[in-house]
Amino acid sequence: MGNREDLLAGALTCLKDKGWARTTVRDIAAAAGVNHAAIGYHFGSRDALMTQAFMQAIEEWGEEVEAAVRASTDKDATPREQYEAFWRTAIASFRTNPKLWLATVEASIEAQHNPRIAEIIQEGMREGRSGLAAGLLGKPEESLDAEAKRTVGAVQMALMSGILIQWLFDPDSAPSGADIATGVTALAAHIGDAPSA
């Protein structure tokens, strides 16, 4: 690898290990095995490098989520079995690398002060809603209408954020795939039976 690639790998390692705010230029240079002046030469600033590393982290997380969706699409399984399989795979993926999820949470705070990070997160959300809806409904992504993305995709993304936060802070009592499927089913039944206002 060249210095640019080494710096990206070093920044990604620091992002996962130390988080956004606690990573210094010296940390990145040490992790990359290069002089810290190379950051300015290749990226212009620490923030620009961290933004690139964050983009890479988001892409990796997206690939893991996509793999979870693909793993849950056993055509012989019932929709509930597929949904439980999705969650088992997503939770296992999260537990393998919780620091990546934590870095994503921290970057969302950074996005309040960094328009580029906000753009990356927004684009990731749009792609995520579409991919999640397509995977869960078993349809090609290009065939989905805006409503499916806005409803199924957005609700699933919200569930993922909330569930993974629980796994991050309270893993001993965080819900399993079966718990989540049972909760979603019970909630849907309740809402479906509720009288209209």
# chains A, B, ... in the order shown; residues from 1 in each chain; ligands from 1
call {"tool": "closest_atom_pairs", "arguments": {"of": "segment 108-194 of chain A", "to": "segment 19-40 of chain A", "cutoff": "12 Å", "atoms": "only C-alpha atoms", "output": "Markdown table"}}
result
| residue | atom | partner | partner_atom | distance |
| --- | --- | --- | --- | --- |
| A:Ser108 | CA | A:Trp20 | CA | 10.2 |
| A:Ile109 | CA | A:Trp20 | CA | 9.6 |
| A:Glu110 | CA | A:Trp20 | CA | 7.8 |
| A:Ala111 | CA | A:Trp20 | CA | 10.9 |
| A:Ile117 | CA | A:Trp20 | CA | 11.5 |
call {"tool": "residues_around", "arguments": {"residues": "segment 127-135 of chain A", "least_positions_apart": "4", "cutoff": "6 Å", "atoms": "only C-alpha atoms", "output": "short mmCIF file (atom, residue, chain, number, x, y, z; two decimals) with C-alpha atoms, in the first residue's frame"}}
result
data_model
loop_
_atom_site.label_atom_id
_atom_site.label_comp_id
_atom_site.auth_asym_id
_atom_site.auth_seq_id
_atom_site.Cartn_x
_atom_site.Cartn_y
_atom_site.Cartn_z
CA VAL A 69 -30.50 -9.48 4.35
CA LYS A 139 -38.12 -7.74 -4.45
CA PRO A 140 -35.46 -6.21 -6.71
CA GLU A 141 -34.49 -2.81 -5.38
CA LYS A 149 -38.83 2.69 0.98
CA VAL A 152 -40.93 -0.67 5.29
CA GLY A 153 -37.37 0.54 4.75
CA ALA A 154 -37.57 3.46 7.17
#
call {"tool": "residues_around", "arguments": {"residues": "segment 50-55 of chain A", "least_positions_apart": "5", "cutoff": "7 Å", "atoms": "only C-alpha atoms", "output": "ChimeraX atom specification"}}
result
/A:8,11-12,117,120
call {"tool": "select_by_dssp", "arguments": {"residues": "segment 12-170 of chain A", "states": "helix (DSSP H, G or I)", "output": "ChimeraX atom specification"}}
result
/A:12-18,25-32,37-43,46-71,79-96,98-110,115-137,141-143,146-169
call {"tool": "closest_atom_pairs", "arguments": {"of": "segment 41-159 of chain A", "to": "segment 172-191 of chain A", "cutoff": "12 Å", "atoms": "only C-alpha atoms", "output": "JSON lines"}}
result
{"residue": "A:Ser72", "atom": "CA", "partner": "A:Gly177", "partner_atom": "CA", "distance": 11.3}
{"residue": "A:Pro79", "atom": "CA", "partner": "A:Ala181", "partner_atom": "CA", "distance": 10.0}
{"residue": "A:Arg80", "atom": "CA", "partner": "A:Ala181", "partner_atom": "CA", "distance": 6.8}
{"residue": "A:Glu81", "atom": "CA", "partner": "A:Ala178", "partner_atom": "CA", "distance": 8.7}
{"residue": "A:Gln82", "atom": "CA", "partner": "A:Ala181", "partner_atom": "CA", "distance": 9.8}
{"residue": "A:Tyr83", "atom": "CA", "partner": "A:Ala181", "partner_atom": "CA", "distance": 6.7}
{"residue": "A:Glu84", "atom": "CA", "partner": "A:Gly177", "partner_atom": "CA", "distance": 4.7}
{"residue": "A:Ala85", "atom": "CA", "partner": "A:Gly177", "partner_atom": "CA", "distance": 7.0}
{"residue": "A:Phe86", "atom": "CA", "partner": "A:Gly177", "partner_atom": "CA", "distance": 7.6}
{"residue": "A:Trp87", "atom": "CA", "partner": "A:Gly177", "partner_atom": "CA", "distance": 4.7}
{"residue": "A:Arg88", "atom": "CA", "partner": "A:Gly177", "partner_atom": "CA", "distance": 5.2}
{"residue": "A:Thr89", "atom": "CA", "partner": "A:Gly177", "partner_atom": "CA", "distance": 8.7}
{"residue": "A:Ala90", "atom": "CA", "partner": "A:Gly177", "partner_atom": "CA", "distance": 9.0}
{"residue": "A:Ile91", "atom": "CA", "partner": "A:Gly177", "partner_atom": "CA", "distance": 8.0}
{"residue": "A:Ala92", "atom": "CA", "partner": "A:Gly177", "partner_atom": "CA", "distance": 10.3}
{"residue": "A:Arg95", "atom": "CA", "partner": "A:Ala174", "partner_atom": "CA", "distance": 11.8}
{"residue": "A:Val155", "atom": "CA", "partner": "A:Val184", "partner_atom": "CA", "distance": 10.7}
{"residue": "A:Gln156", "atom": "CA", "partner": "A:Val184", "partner_atom": "CA", "distance": 10.3}
{"residue": "A:Leu159", "atom": "CA", "partner": "A:Ile180", "partner_atom": "CA", "distance": 9.1}
call {"tool": "closest_residue", "arguments": {"among": "A:Val65, A:Ile165, A:Ala146, A:Met157", "to": "Ser93 of chain A", "atoms": "only C-alpha atoms"}}
result
A:Val65
call {"tool": "closest_residue", "arguments": {"among": "A:Gln122, A:Ala48, A:Leu15, A:Tyr41", "to": "Asn3 of chain A", "atoms": "only C-alpha atoms"}}
result
A:Tyr41
call {"tool": "closest_residue", "arguments": {"among": "A:Pro98, A:Gly10, A:Gly62, A:Gly138", "to": "Glu123 of chain A", "atoms": "only C-alpha atoms"}}
result
A:Gly62
call {"tool": "closest_residue", "arguments": {"among": "A:Glu63, A:Arg116, A:Val105, A:Gly44", "to": "Gly162 of chain A", "atoms": "only C-alpha atoms"}}
result
A:Val105
call {"tool": "atom_distance", "arguments": {"atom1": "atom CA of Met125 of chain A", "atom2": "atom CA of Lys75 of chain A"}}
result
27.0 Å
call {"tool": "closest_residue", "arguments": {"among": "A:Cys14, A:Ala68, A:Ala9, A:Ile121", "to": "Leu136 of chain A", "atoms": "only C-alpha atoms"}}
result
A:Ala68
call {"tool": "atom_distance", "arguments": {"atom1": "atom CA of Glu142 of chain A", "atom2": "atom CA of Pro115 of chain A"}}
result
28.5 Å
call {"tool": "closest_residue", "arguments": {"among": "A:Asp47, A:Lys18, A:Arg4, A:Phe169", "to": "His113 of chain A", "atoms": "only C-alpha atoms"}}
result
A:Asp47
